[in-house]
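The structure file data_10.txt is reproduced below (compact mmCIF, C-alpha atoms).
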```txt
# COMPACT_ATOMS: atom_id res chain seq x y z
CA MET A 1 -1.61 12.97 -38.50
CA LEU A 2 -1.54 13.73 -42.19
CA LEU A 3 2.24 14.08 -42.08
CA ALA A 4 2.61 10.75 -40.30
CA GLY A 5 0.39 9.11 -42.91
CA LEU A 6 2.44 10.57 -45.72
CA LEU A 7 5.67 9.42 -44.10
CA ALA A 8 4.33 5.91 -43.55
CA GLY A 9 3.11 5.76 -47.13
CA SER A 10 6.43 6.96 -48.47
CA LEU A 11 8.30 4.40 -46.40
CA ALA A 12 6.04 1.59 -47.57
CA GLY A 13 6.47 2.69 -51.18
CA TRP A 14 10.23 2.86 -50.80
CA LEU A 15 10.37 -0.63 -49.28
CA LEU A 16 8.18 -2.02 -52.03
CA GLY A 17 10.41 -0.37 -54.60
CA GLN A 18 13.51 -1.85 -53.03
CA LEU A 19 11.99 -5.31 -53.13
CA ALA A 20 10.88 -4.91 -56.70
CA SER A 21 14.03 -3.38 -58.08
CA GLY A 22 16.73 -5.21 -56.20
CA GLY A 23 18.09 -5.84 -52.74
CA ALA A 24 17.22 -8.77 -50.52
CA LEU A 25 14.78 -11.30 -51.82
CA GLY A 26 11.34 -11.11 -50.26
CA GLY A 27 7.94 -9.52 -50.49
CA GLY A 28 6.45 -12.24 -52.65
CA ARG A 29 3.75 -14.71 -51.75
CA ILE A 30 6.29 -17.34 -50.87
CA ASP A 31 8.51 -17.11 -47.80
CA PRO A 32 12.21 -17.22 -48.80
CA GLN A 33 12.84 -19.25 -45.65
CA SER A 34 10.22 -21.88 -46.46
CA GLN A 35 11.22 -25.40 -47.39
CA GLN A 36 9.31 -25.16 -50.66
CA PHE A 37 11.31 -22.13 -51.70
CA ARG A 38 14.64 -23.60 -50.62
CA ASP A 39 13.83 -26.83 -52.44
CA ASP A 40 13.20 -24.93 -55.63
CA LEU A 41 16.35 -22.85 -55.22
CA LEU A 42 18.32 -26.06 -54.87
CA VAL A 43 16.66 -27.49 -57.96
CA MET A 44 17.60 -24.39 -59.96
CA ILE A 45 21.17 -24.49 -58.69
CA ALA A 46 21.40 -28.17 -59.64
CA THR A 47 19.76 -27.59 -63.02
CA THR A 48 22.29 -24.94 -63.97
CA TYR A 49 25.12 -27.10 -62.64
CA SER A 50 23.98 -29.98 -64.84
CA ASP A 51 24.46 -27.70 -67.81
CA ASP A 52 27.63 -25.75 -67.09
CA ARG A 53 29.35 -28.05 -64.56
CA ASN A 54 30.51 -24.94 -62.74
CA LEU A 55 31.00 -26.38 -59.29
CA PRO A 56 32.40 -23.26 -57.59
CA THR A 57 29.34 -21.24 -58.59
CA ALA A 58 26.96 -24.01 -57.56
CA TRP A 59 28.72 -24.35 -54.22
CA ARG A 60 28.62 -20.59 -53.62
CA ARG A 61 24.91 -20.54 -54.32
CA MET A 62 24.27 -23.56 -52.11
CA ARG A 63 26.01 -21.88 -49.23
CA GLN A 64 23.82 -18.83 -49.72
CA VAL A 65 20.81 -21.09 -49.26
CA ALA A 66 21.97 -23.41 -46.52
CA GLY A 67 25.32 -22.17 -45.21
CA ASN A 68 27.42 -24.88 -43.61
CA SER A 69 24.56 -27.36 -43.92
CA SER A 70 24.64 -27.29 -47.72
CA VAL A 71 25.59 -30.90 -48.29
CA ALA A 72 23.23 -32.17 -45.61
CA MET A 73 20.43 -30.13 -47.12
CA LEU A 74 21.18 -31.49 -50.59
CA HIS A 75 21.12 -35.07 -49.33
CA ALA A 76 17.91 -34.54 -47.40
CA THR A 77 16.25 -32.90 -50.37
CA ILE A 78 17.23 -35.70 -52.74
CA GLU A 79 16.04 -38.38 -50.35
CA ARG A 80 12.74 -36.60 -49.85
CA PHE A 81 12.29 -36.06 -53.60
CA ILE A 82 12.96 -39.75 -54.30
CA ALA A 83 10.66 -40.89 -51.50
CA ASN A 84 7.87 -38.60 -52.71
CA SER A 85 8.30 -39.46 -56.39
CA ARG A 86 8.94 -35.85 -57.31
CA ASN A 87 9.88 -34.70 -60.82
CA VAL A 88 12.48 -37.20 -62.00
CA GLN A 89 14.35 -34.60 -64.04
CA ASP A 90 14.74 -32.46 -60.94
CA ILE A 91 16.04 -35.48 -59.05
CA ARG A 92 18.55 -36.17 -61.81
CA HIS A 93 19.87 -32.62 -61.66
CA LEU A 94 20.17 -32.79 -57.87
CA VAL A 95 21.96 -36.12 -58.09
CA ALA A 96 24.36 -34.70 -60.67
CA LEU A 97 25.21 -31.95 -58.22
CA ALA A 98 25.74 -34.47 -55.42
CA GLU A 99 28.03 -36.41 -57.73
CA GLY A 100 29.96 -33.24 -58.55
CA LEU A 101 30.49 -32.72 -54.84
CA GLY A 102 31.63 -36.30 -54.45
CA ARG A 103 28.69 -37.07 -52.19
CA LEU A 104 26.83 -39.70 -54.14
CA THR A 105 24.97 -42.42 -52.23
CA PRO A 106 23.79 -45.80 -53.57
CA ALA A 107 20.19 -44.59 -53.60
CA MET A 108 21.14 -41.83 -56.03
CA GLN A 109 22.91 -44.07 -58.54
CA PRO A 110 19.84 -44.85 -60.68
CA PHE A 111 19.31 -41.15 -61.26
CA LEU A 112 22.76 -40.30 -62.59
CA LEU A 113 22.71 -38.30 -65.81
CA PRO A 114 24.98 -39.25 -68.68
CA VAL A 115 27.66 -36.58 -69.03
CA PRO A 116 27.74 -34.89 -72.47
CA ALA A 117 30.90 -35.62 -74.41
CA ASP A 118 31.90 -31.96 -74.55
CA ALA A 119 30.93 -31.01 -71.01
CA GLY A 120 33.35 -28.55 -69.58
CA PRO A 121 34.96 -28.82 -66.18
CA MET B 1 20.13 -14.28 -51.88
CA ARG B 2 19.63 -10.93 -53.56
CA SER B 3 16.80 -10.31 -56.02
CA GLU B 4 19.23 -9.88 -58.91
CA GLU B 5 20.94 -13.18 -58.18
CA TYR B 6 17.61 -14.93 -57.88
CA ALA B 7 16.39 -13.55 -61.20
CA ALA B 8 19.68 -14.59 -62.82
CA LEU B 9 19.31 -18.09 -61.40
CA VAL B 10 15.74 -18.36 -62.68
CA ALA B 11 16.85 -17.28 -66.16
CA GLN B 12 19.79 -19.66 -66.17
CA ALA B 13 17.62 -22.59 -65.11
CA TRP B 14 15.10 -21.63 -67.79
CA SER B 15 17.85 -21.65 -70.41
CA VAL B 16 18.54 -25.27 -69.45
CA ASP B 17 15.07 -26.74 -68.91
CA GLY B 18 13.22 -24.53 -71.39
CA ASP B 19 10.20 -24.40 -69.10
CA ARG B 20 9.00 -20.83 -69.46
CA ALA B 21 5.87 -21.25 -67.33
CA ARG B 22 7.96 -22.57 -64.48
CA ALA B 23 10.37 -19.66 -64.73
CA ARG B 24 7.48 -17.18 -64.66
CA GLU B 25 5.98 -18.91 -61.64
CA ARG B 26 9.31 -18.86 -59.84
CA LEU B 27 9.66 -15.14 -60.40
CA ALA B 28 6.04 -14.33 -59.64
CA ALA B 29 6.19 -16.20 -56.33
CA ALA B 30 9.19 -14.25 -55.14
CA ILE B 31 8.23 -10.69 -56.04
CA PRO B 32 5.46 -8.49 -54.70
CA THR B 33 2.04 -9.10 -56.20
CA GLY B 34 1.23 -6.84 -59.10
CA ILE B 35 4.73 -6.66 -60.51
CA ASP B 36 5.05 -8.33 -63.89
CA ALA B 37 7.60 -11.16 -63.88
CA ALA B 38 9.16 -10.27 -67.23
CA ARG B 39 9.32 -6.59 -66.27
CA HIS B 40 11.05 -7.57 -63.06
CA MET B 41 13.51 -9.72 -65.02
CA ALA B 42 14.24 -6.73 -67.27
CA GLU B 43 14.93 -4.52 -64.27
CA MET B 44 17.21 -7.07 -62.67
CA ALA B 45 19.10 -7.48 -65.94
CA CYS B 46 19.54 -3.70 -66.12
CA ARG B 47 20.89 -3.67 -62.59
CA LEU B 48 23.39 -6.45 -63.29
CA ALA B 49 24.42 -5.01 -66.65
CA SER B 50 25.33 -1.79 -64.84
CA THR B 51 27.95 -3.62 -62.78
CA ASP B 52 31.12 -5.50 -63.63
CA TYR B 53 28.92 -8.58 -64.04
CA VAL B 54 29.23 -8.22 -67.81
CA ASN B 55 33.00 -8.58 -67.65
CA ASP B 56 32.78 -12.22 -66.69
CA PRO B 57 32.06 -14.47 -69.69
CA GLY B 58 30.01 -16.94 -67.66
CA ASP B 59 27.93 -14.19 -66.12
CA LEU B 60 27.49 -12.53 -69.49
CA ARG B 61 25.95 -15.76 -70.70
CA ILE B 62 23.48 -15.67 -67.80
CA LEU B 63 22.68 -12.06 -68.56
CA ARG B 64 21.92 -13.04 -72.14
CA SER B 65 19.48 -15.65 -70.82
CA MET B 66 17.78 -12.94 -68.77
CA GLN B 67 17.65 -10.76 -71.85
CA ASN B 68 16.12 -13.56 -73.93
CA PHE B 69 13.51 -14.12 -71.27
CA TYR B 70 12.21 -10.58 -71.02
CA GLN B 71 12.58 -9.79 -74.71
CA MET B 72 10.38 -12.76 -75.58
CA GLU B 73 7.66 -11.04 -73.58
CA GLY B 74 8.14 -7.71 -75.25
CA GLN B 75 10.06 -6.05 -72.43
CA ARG B 76 13.07 -3.83 -72.81
CA SER B 77 15.83 -2.97 -70.41
CA CYS B 78 18.88 -0.79 -70.06
CA ALA B 79 20.78 -4.08 -70.42
CA ASP B 80 19.91 -3.93 -74.11
CA THR B 81 22.23 -0.97 -74.53
CA LEU B 82 24.70 -1.72 -71.76
CA LEU B 83 25.65 -5.16 -72.96
CA PRO B 84 28.67 -5.11 -75.26
CA ALA B 85 27.62 -4.26 -78.79
CA LEU B 86 28.40 -7.37 -80.71
CA ASP B 87 28.39 -7.93 -84.41
CA ASN B 88 25.15 -9.62 -85.44
CA GLU B 89 24.43 -12.32 -82.90
CA ALA B 90 28.00 -13.11 -81.95
CA VAL B 91 27.75 -13.45 -78.22
CA LEU B 92 31.25 -13.69 -76.89
CA LEU B 93 31.65 -16.48 -74.46
CA LEU B 94 35.32 -16.58 -73.77
CA ASP B 95 36.22 -20.10 -72.90
CA SER B 96 39.13 -20.09 -70.51
CA SER B 97 38.90 -23.79 -69.83
CA PRO B 98 40.39 -25.68 -72.75
CA SER B 99 38.61 -28.87 -73.63
CA PRO B 100 40.45 -32.09 -74.18
CA ARG B 101 42.17 -32.51 -77.50
CA PRO B 102 40.40 -34.65 -80.05
CA SER B 103 40.51 -38.32 -79.30
CA ALA B 104 39.72 -41.34 -81.36
CA THR B 105 36.29 -40.59 -82.69
CA PRO B 106 34.42 -41.65 -85.78
CA VAL B 107 35.43 -39.68 -88.85
CA PRO B 108 32.43 -37.81 -90.21
CA PRO B 109 32.02 -36.64 -93.73
CA PRO B 110 32.66 -32.89 -93.80
CA SER B 111 29.33 -31.22 -94.21
CA LYS B 112 29.76 -27.58 -94.92
CA THR B 113 26.52 -25.69 -95.33
CA PRO B 114 25.77 -25.12 -99.00
CA LEU B 115 26.86 -21.65 -99.91
CA PRO B 116 26.05 -19.39 -102.82
CA THR B 117 28.75 -19.24 -105.43
CA LEU B 118 30.80 -16.16 -104.75
CA THR B 119 34.35 -15.28 -105.59
CA LEU B 120 36.86 -13.78 -103.25
CA ALA B 121 36.34 -10.50 -105.06
CA THR B 122 33.89 -9.86 -102.26
CA ARG B 123 36.80 -8.65 -100.28
CA SER B 124 38.09 -6.04 -102.66
CA ALA B 125 34.59 -4.76 -103.12
CA SER B 126 34.36 -3.88 -99.47
CA THR B 127 35.68 -0.52 -98.48
CA SER B 128 36.01 -1.65 -94.90
CA GLN B 129 38.53 -4.37 -95.63
CA PRO B 130 42.24 -4.09 -95.13
CA THR B 131 44.54 -4.57 -98.06
CA PRO B 132 45.95 -8.02 -98.75
CA GLY B 133 49.35 -6.85 -97.71
CA GLU B 134 48.09 -5.85 -94.32
CA THR B 135 46.31 -9.08 -93.56
CA SER B 136 49.10 -11.29 -94.81
CA VAL B 137 51.31 -10.37 -91.88
CA ARG B 138 48.73 -9.99 -89.22
CA ARG B 139 48.21 -12.59 -86.56
CA PHE B 140 44.74 -13.40 -85.32
CA GLU B 141 43.56 -14.72 -81.99
CA LEU B 142 40.47 -16.59 -80.96
CA ALA B 143 38.75 -13.86 -78.96
CA GLY B 144 35.62 -15.85 -78.22
CA LEU B 145 34.29 -19.38 -78.37
CA GLY B 146 30.94 -20.27 -76.88
CA VAL B 147 27.91 -22.46 -77.23
CA PHE B 148 24.36 -21.57 -78.12
CA CYS B 149 21.21 -23.63 -78.46
CA ASP B 150 18.86 -22.82 -81.33
CA ALA B 151 16.45 -25.41 -82.69
CA ASP B 152 16.45 -23.59 -86.02
CA ARG B 153 20.23 -23.87 -86.35
CA PRO B 154 21.36 -27.11 -84.75
CA ALA B 155 24.96 -28.34 -84.80
CA LYS B 156 26.44 -25.27 -86.50
CA LEU B 157 29.79 -23.61 -86.12
CA ALA B 158 29.28 -19.89 -86.75
CA VAL B 159 32.56 -18.03 -87.17
CA TYR B 160 33.08 -14.27 -87.18
CA VAL B 161 36.32 -12.67 -88.32
CA GLN B 162 36.41 -9.05 -87.28
CA GLU B 163 38.63 -6.05 -86.97
CA ARG B 164 39.06 -4.95 -83.38
CA ASP B 165 36.42 -2.28 -83.95
CA GLY B 166 33.92 -4.95 -84.96
CA ARG B 167 34.01 -4.59 -88.76
CA GLY B 168 33.78 -7.94 -90.49
CA ILE B 169 36.73 -9.14 -92.58
CA ALA B 170 35.82 -11.12 -95.69
CA ALA B 171 37.83 -13.74 -97.57
CA MET B 172 39.76 -15.03 -94.60
CA ALA B 173 40.57 -18.72 -94.72
CA LEU B 174 39.30 -20.87 -91.87
CA ARG B 175 40.03 -24.50 -91.17
CA VAL B 176 38.33 -27.15 -89.07
CA ARG B 177 40.11 -30.37 -88.29
CA TRP B 178 38.88 -33.56 -86.70
CA GLN B 179 40.29 -37.02 -86.15
CA GLY B 180 41.31 -38.07 -89.64
CA GLY B 181 40.11 -35.11 -91.65
CA GLU B 182 39.92 -31.38 -92.21
CA ASP B 183 38.03 -28.83 -94.30
CA ARG B 184 38.57 -25.21 -95.24
CA PHE B 185 36.08 -22.45 -95.74
CA PHE B 186 36.10 -18.65 -96.03
CA SER B 187 34.50 -15.71 -94.34
CA GLY B 188 32.25 -13.41 -96.35
CA LEU B 189 30.56 -15.97 -98.57
CA ARG B 190 27.23 -15.19 -96.98
CA PRO B 191 27.28 -11.39 -97.00
CA GLU B 192 23.72 -11.23 -95.70
CA ARG B 193 25.15 -12.51 -92.41
CA GLY B 194 28.03 -10.05 -92.43
CA GLN B 195 31.34 -9.68 -94.24
CA GLY B 196 33.21 -11.61 -91.59
CA PHE B 197 30.74 -14.46 -91.21
CA ALA B 198 31.25 -18.11 -92.13
CA ASP B 199 29.58 -21.29 -90.99
CA PHE B 200 30.11 -25.00 -90.96
CA THR B 201 27.90 -27.91 -89.97
CA ILE B 202 29.37 -30.08 -87.25
CA GLU B 203 28.60 -33.72 -86.66
CA PRO B 204 27.34 -34.91 -83.27
CA GLY B 205 29.87 -36.91 -81.31
CA VAL B 206 32.91 -35.53 -83.10
CA GLN B 207 35.53 -33.20 -81.61
CA TYR B 208 36.78 -30.37 -83.82
CA VAL B 209 39.58 -27.82 -83.70
CA LEU B 210 39.27 -24.49 -85.51
CA ASP B 211 41.99 -22.12 -86.67
CA MET B 212 42.94 -19.57 -89.31
CA PRO B 213 45.71 -21.54 -91.01
CA GLY B 214 49.04 -19.81 -90.60
CA LEU B 215 47.45 -16.84 -88.86
CA SER B 216 46.19 -18.14 -85.53
CA ASP B 217 46.69 -20.84 -82.95
CA ASP B 218 44.30 -23.76 -82.65
CA SER B 219 41.07 -23.36 -80.75
CA PRO B 220 40.28 -25.67 -77.87
CA ALA B 221 38.50 -28.81 -79.07
CA PHE B 222 34.72 -28.55 -79.23
CA GLY B 223 31.79 -30.66 -80.35
CA SER B 224 28.04 -30.84 -80.34
CA ALA B 225 25.78 -32.35 -77.71
CA GLU B 226 22.09 -32.31 -76.94
CA CYS B 227 20.47 -29.17 -75.60
CA VAL B 228 16.95 -27.80 -75.15
CA ASP B 229 15.71 -24.67 -76.90
CA ALA B 230 12.32 -23.48 -75.64
CA GLY B 231 11.38 -27.03 -74.79
CA VAL B 232 12.63 -28.49 -78.08
CA ARG B 233 15.48 -30.98 -77.89
CA THR B 234 18.13 -30.13 -80.44
CA MET B 235 21.92 -30.05 -80.86
CA ARG B 236 24.27 -27.45 -79.49
CA SER B 237 25.96 -25.02 -81.85
CA TRP B 238 29.08 -22.92 -81.41
CA ARG B 239 30.13 -19.35 -82.12
CA ALA B 240 33.73 -18.36 -82.59
CA LEU B 241 35.26 -14.94 -83.02
CA PHE B 242 38.69 -14.18 -84.48
CA ARG B 243 40.27 -10.76 -84.16
CA PRO B 244 43.72 -9.38 -85.03
CA VAL B 245 46.19 -9.69 -82.18
CA ASN B 246 47.03 -5.98 -82.27
```

Spell out the structure here as structure tokens.
Amino acid sequence: MLLAGLLAGSLAGWLLGQLASGGALGGGRIDPQSQQFRDDLLVMIATTYSDDRNLPTAWRRMRQVAGNSSVAMLHATIERFIANSRNVQDIRHLVALAEGLGRLTPAMQPFLLPVPADAGP
Amino acid sequence: MRSEEYAALVAQAWSVDGDRARARERLAAAIPTGIDAARHMAEMACRLASTDYVNDPGDLRILRSMQNFYQMEGQRSCADTLLPALDNEAVLLLDSSPSPRPSATPVPPPSKTPLPTLTLATRSASTSQPTPGETSVRRFELAGLGVFCDADRPAKLAVYVQERDGRGIAAMALRVRWQGGEDRFFSGLRPERGQGFADFTIEPGVQYVLDMPGLSDDSPAFGSAECVDAGVRTMRSWRALFRPVN
């Protein structure tokens, strides 16, 4: 009984350590599969894209979040953010990403960010 | 997505939006309760710095953002020692994507930062400097060119001229050119920033090209633009590093 308890404790500690120090994301108070979490991931991906204009990296990250549904997820997220009057800066970043992917819709046009003069490719 | 990648993404987004509280919340929500967000960021940076992540200039920039994040909260990480030891603050962001050449832009007045009056004797006073004969035949290359955002130093071009082992080289001529004008300045005139250091104030909206006249090729064109440093809107600055070709 004592041995089983020690083993279970060790296993739990090891798992917690793995989550804390690397490995797959998880173990926090938010579910990595939840829409809230995926929305925020997409916002971060779009925010960084707005700065570095690194489309391959943004696309790789999007596919990690939504796989083959990446573009559909981006569109759905933008539409929902616009409809719910979410943070306008977040919407602008998301729209910039949609533009980078060549998937801009008329509803997104008002949220386009001006491109800095020295923005890289 | 792996924890390291998530932490890197959080840090990169923070470097753009400057919203520290949001970055903390993003980390805290994704890691087990009781683990400090900045400590976690430090551990993730250590993990990434131990891989070939640091060999990619873009990823090195992200790693620097992670480092800034945890250092601002008093944390330390193995990344502090694993990251390439760079002279002063010269983060090398090798830019492999040349920008467009300068186009028709307004001609600004050259606005070099006021410098103390020093003579080029600085160079001969330094035991670490090569002899004039050596440098006169050496070619230099632009080993790094990258942006940084610092509200205390907006719209600056900070140039470092270094030996390949990192020692600064004073009294090297540098030249910036823009549509309709140029200016020259020298390394080593601000020895408190290093023997190989020189700086120049750039004007927003203007594209510049930097070189060591007769000793190096032209840099890609670069210019300033708005950025956010810890929530403060300011102008981007640039760092450039020249090193001998061989």

Need to verify the contact set: Ile78 (chain A), 12 Å, all atoms listed in the file, exclusion of same-chain residues closer than 4 positions in sequence. Can you return it as a compact mmCIF listing (two decimals) with C-alpha atoms, in the coordinates of the input?
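Just written: result-v3.txt:
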```txt
# COMPACT_ATOMS: atom_id res chain seq x y z
CA ASP A 39 13.83 -26.83 -52.44
CA ASP A 40 13.20 -24.93 -55.63
CA LEU A 42 18.32 -26.06 -54.87
CA VAL A 43 16.66 -27.49 -57.96
CA ALA A 46 21.40 -28.17 -59.64
CA VAL A 71 25.59 -30.90 -48.29
CA ALA A 72 23.23 -32.17 -45.61
CA MET A 73 20.43 -30.13 -47.12
CA LEU A 74 21.18 -31.49 -50.59
CA ILE A 82 12.96 -39.75 -54.30
CA ALA A 83 10.66 -40.89 -51.50
CA ASN A 84 7.87 -38.60 -52.71
CA SER A 85 8.30 -39.46 -56.39
CA ARG A 86 8.94 -35.85 -57.31
CA ASN A 87 9.88 -34.70 -60.82
CA VAL A 88 12.48 -37.20 -62.00
CA GLN A 89 14.35 -34.60 -64.04
CA ASP A 90 14.74 -32.46 -60.94
CA ILE A 91 16.04 -35.48 -59.05
CA ARG A 92 18.55 -36.17 -61.81
CA HIS A 93 19.87 -32.62 -61.66
CA LEU A 94 20.17 -32.79 -57.87
CA VAL A 95 21.96 -36.12 -58.09
CA ALA A 96 24.36 -34.70 -60.67
CA LEU A 97 25.21 -31.95 -58.22
CA ALA A 98 25.74 -34.47 -55.42
CA GLU A 99 28.03 -36.41 -57.73
CA ARG A 103 28.69 -37.07 -52.19
CA LEU A 104 26.83 -39.70 -54.14
CA THR A 105 24.97 -42.42 -52.23
CA ALA A 107 20.19 -44.59 -53.60
CA MET A 108 21.14 -41.83 -56.03
CA GLN A 109 22.91 -44.07 -58.54
CA PHE A 111 19.31 -41.15 -61.26
```

Can you check which parts of chain B lie within 9 Å of chain A? Per residue, the shortest pair of atoms and distance in Å to one decimal, counting all atoms listed in the file, sorted by chain and number, as CSV.
```
residue,atom,partner,partner_atom,distance
B:Met1,CA,A:Leu25,CA,6.1
B:Arg2,CA,A:Ala24,CA,4.4
B:Ser3,CA,A:Leu25,CA,4.8
B:Glu4,CA,A:Gly22,CA,6.0
B:Tyr6,CA,A:Leu25,CA,7.6
B:Leu9,CA,A:Met44,CA,6.7
B:Val10,CA,A:Met44,CA,6.9
B:Gln12,CA,A:Thr48,CA,6.2
B:Ala13,CA,A:Thr48,CA,5.4
B:Trp14,CA,A:Met44,CA,8.7
B:Ser15,CA,A:Thr48,CA,8.5
B:Val16,CA,A:Asp51,CA,6.6
B:Asp17,CA,A:Thr47,CA,7.6
B:Arg26,CA,A:Asp40,CA,8.3
B:Leu27,CA,A:Gly28,CA,8.9
B:Ala28,CA,A:Gly28,CA,7.3
B:Ala29,CA,A:Arg29,CA,5.4
B:Ala30,CA,A:Gly28,CA,4.2
B:Ile31,CA,A:Gly28,CA,4.1
B:Pro32,CA,A:Gly28,CA,4.4
B:Thr33,CA,A:Gly28,CA,6.5
B:Ile35,CA,A:Ala20,CA,7.4
B:His40,CA,A:Ala20,CA,6.9
B:Glu43,CA,A:Ser21,CA,6.4
B:Met44,CA,A:Ser21,CA,6.7
B:Arg47,CA,A:Gly22,CA,7.8
B:Ser97,CA,A:Gly120,CA,7.3
B:Pro98,CA,A:Gly120,CA,8.2
B:Ser99,CA,A:Gly120,CA,6.6
B:Pro100,CA,A:Asp118,CA,8.6
B:Gly205,CA,A:Ala117,CA,7.1
B:Val206,CA,A:Ala117,CA,8.9
B:Gln207,CA,A:Asp118,CA,8.0
B:Ala221,CA,A:Asp118,CA,8.6
B:Phe222,CA,A:Asp118,CA,6.4
B:Gly223,CA,A:Asp118,CA,5.9
B:Ser224,CA,A:Asp118,CA,7.0
B:Ala225,CA,A:Pro116,CA,6.1
B:Glu226,CA,A:Pro116,CA,7.7
B:Cys227,CA,A:Asp51,CA,8.9
```

Requested write-out: C-alpha atoms of the selected residues, as a PDB file, in the coordinates of the input:
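Once everything was written out, this is part.pdb:
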```pdb
ATOM      1  CA  MET B   1      20.130 -14.280 -51.880  1.00  0.00           C
ATOM      2  CA  ARG B   2      19.630 -10.930 -53.560  1.00  0.00           C
ATOM      3  CA  SER B   3      16.800 -10.310 -56.020  1.00  0.00           C
ATOM      4  CA  GLU B   4      19.230  -9.880 -58.910  1.00  0.00           C
ATOM      5  CA  TYR B   6      17.610 -14.930 -57.880  1.00  0.00           C
ATOM      6  CA  LEU B   9      19.310 -18.090 -61.400  1.00  0.00           C
ATOM      7  CA  VAL B  10      15.740 -18.360 -62.680  1.00  0.00           C
ATOM      8  CA  GLN B  12      19.790 -19.660 -66.170  1.00  0.00           C
ATOM      9  CA  ALA B  13      17.620 -22.590 -65.110  1.00  0.00           C
ATOM     10  CA  TRP B  14      15.100 -21.630 -67.790  1.00  0.00           C
ATOM     11  CA  SER B  15      17.850 -21.650 -70.410  1.00  0.00           C
ATOM     12  CA  VAL B  16      18.540 -25.270 -69.450  1.00  0.00           C
ATOM     13  CA  ASP B  17      15.070 -26.740 -68.910  1.00  0.00           C
ATOM     14  CA  ARG B  26       9.310 -18.860 -59.840  1.00  0.00           C
ATOM     15  CA  LEU B  27       9.660 -15.140 -60.400  1.00  0.00           C
ATOM     16  CA  ALA B  28       6.040 -14.330 -59.640  1.00  0.00           C
ATOM     17  CA  ALA B  29       6.190 -16.200 -56.330  1.00  0.00           C
ATOM     18  CA  ALA B  30       9.190 -14.250 -55.140  1.00  0.00           C
ATOM     19  CA  ILE B  31       8.230 -10.690 -56.040  1.00  0.00           C
ATOM     20  CA  PRO B  32       5.460  -8.490 -54.700  1.00  0.00           C
ATOM     21  CA  THR B  33       2.040  -9.100 -56.200  1.00  0.00           C
ATOM     22  CA  ILE B  35       4.730  -6.660 -60.510  1.00  0.00           C
ATOM     23  CA  HIS B  40      11.050  -7.570 -63.060  1.00  0.00           C
ATOM     24  CA  GLU B  43      14.930  -4.520 -64.270  1.00  0.00           C
ATOM     25  CA  MET B  44      17.210  -7.070 -62.670  1.00  0.00           C
ATOM     26  CA  ARG B  47      20.890  -3.670 -62.590  1.00  0.00           C
ATOM     27  CA  SER B  97      38.900 -23.790 -69.830  1.00  0.00           C
ATOM     28  CA  PRO B  98      40.390 -25.680 -72.750  1.00  0.00           C
ATOM     29  CA  SER B  99      38.610 -28.870 -73.630  1.00  0.00           C
ATOM     30  CA  PRO B 100      40.450 -32.090 -74.180  1.00  0.00           C
ATOM     31  CA  GLY B 205      29.870 -36.910 -81.310  1.00  0.00           C
ATOM     32  CA  VAL B 206      32.910 -35.530 -83.100  1.00  0.00           C
ATOM     33  CA  GLN B 207      35.530 -33.200 -81.610  1.00  0.00           C
ATOM     34  CA  ALA B 221      38.500 -28.810 -79.070  1.00  0.00           C
ATOM     35  CA  PHE B 222      34.720 -28.550 -79.230  1.00  0.00           C
ATOM     36  CA  GLY B 223      31.790 -30.660 -80.350  1.00  0.00           C
ATOM     37  CA  SER B 224      28.040 -30.840 -80.340  1.00  0.00           C
ATOM     38  CA  ALA B 225      25.780 -32.350 -77.710  1.00  0.00           C
ATOM     39  CA  GLU B 226      22.090 -32.310 -76.940  1.00  0.00           C
ATOM     40  CA  CYS B 227      20.470 -29.170 -75.600  1.00  0.00           C
TER      41      CYS B 227
END
```

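Put simply, CA of Arg22 (chain B) is 21.1 Å away from CA of Arg76 (chain B).
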
Could you name the residues that touch region 188-197 of chain B at 6 Å or less, counting all atoms listed in the file, but leaving out those on the same chain fewer than 4 positions away, as JSON, numbers by chain? {"B": [159, 160, 161, 162, 168, 169, 170, 171]}

Quick one: pull the distance between CA of Ala198 (chain B) and CA of Phe140 (chain B), Å, one decimal. 15.8 Å

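For the atom pair formed by CA of Pro220 (chain B) and CA of Phe185 (chain B), the distance is 18.6 Å, given to one decimal.
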
Take the point (41.6, -6.9, -83.0) as written in the file and pick out every residue within 8 Å of it, counting only C-alpha atoms; give the list as an NGL selection string. :B and (140 or 162-165 or 242-246)

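Residues with any atom within 8 Å of Ala240 (chain B), counting only C-alpha atoms and excluding same-chain neighbours fewer than 5 positions away, are Ala90, Leu92, Leu142, Ala143, Gly144, Leu145, Gly146, Leu157, Ala158, Val159 and Tyr160 of chain B.
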